[in-house]
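Notes follow once the structure below has been shown.
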Amino acid sequence: SVGSSSGSPKGAAVAAAAANSKAKATEAAKAKPKAEGGMRGWFGSKATPKPSIDGILLDWKLSPGEILALCDEVIAEMESVDDTVAAVPLSSATYANTFGRIVSMDRELDPKQSYITFPKNVSTDKATRDACVEASNKLSAFGVKSNMRKDVYQ
């Protein structure tokens, strides 16, 4: 029959290749080292290793206070990059020391922002949802303020 591996050399070869591929993927997953520290590790605190998805470690048990503290740290990081870019004299501005820094910051901080705001959509704890909404509002307000900086985007 079509798609059957029995009875044809080609079907047997396809089945063997699929089994070999699955075995290699399993071995690679076992050999892949797990990063330590969870998402909290991004912020320098010590946490126990958590389950990971493609190297991003997740810990959805943040307290409302931790959520707001992480939000403030993300905003401080973003403001620091804005200040650094604003300090670059126009005569020595390059992609790497201006827009490249902003793009790199966005790439680094977008997952952090999602990490501290996503629980507003799924948490069963009202205090956690409220903290995530507050963090989301703070991040949005800072984003508007940041995008309006003429010294950064001239």
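Letters for chains follow the order of the structure tokens (A, B, ...), residue numbers begin at 1 for each chain, and ligand numbers begin at 1 in the order shown.
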
Fewer than 5 positions away in the same chain doesn't count, so skip those; otherwise give me all residues within 12 Å of region 114-124 of chain A, counting only C-alpha atoms, as a ChimeraX atom specification.
/A:38-40,42,56-74,106-109,129-140

Could you tell me, as an MDAnalysis selection string, which residues of region 51-154 of chain A DSSP assigns to helix (DSSP H, G or I) when given the backbone?
chainID A and resid 64:86 90:92 99:121 126:147

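Of the residues under consideration (A:Thr128, A:Gln113, A:Thr94, A:Ser146), A:Ser146 shows the shortest atom-to-atom contact distance to Val81 (chain A) when counting only C-alpha atoms.
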
Rounded to one decimal, what separation in Å do you get between CA of Val85 (chain A) and CA of Thr98 (chain A)?
5.2 Å

Which distance in Å separates CA of Ser91 (chain A) and CA of Val103 (chain A), to one decimal?
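Computing the Euclidean distance for CA of Ser91 (chain A) and CA of Val103 (chain A) yields 20.7 Å.
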
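Relative to CA of Val152 (chain A), CA of Ala86 (chain A) is found at 4.5 Å.
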
Return the single residue from A:Ala76, A:Ile102, A:Ala93, A:Ala87 that is closest to Asn147 (chain A), with distances computed using only C-alpha atoms.
A:Ile102
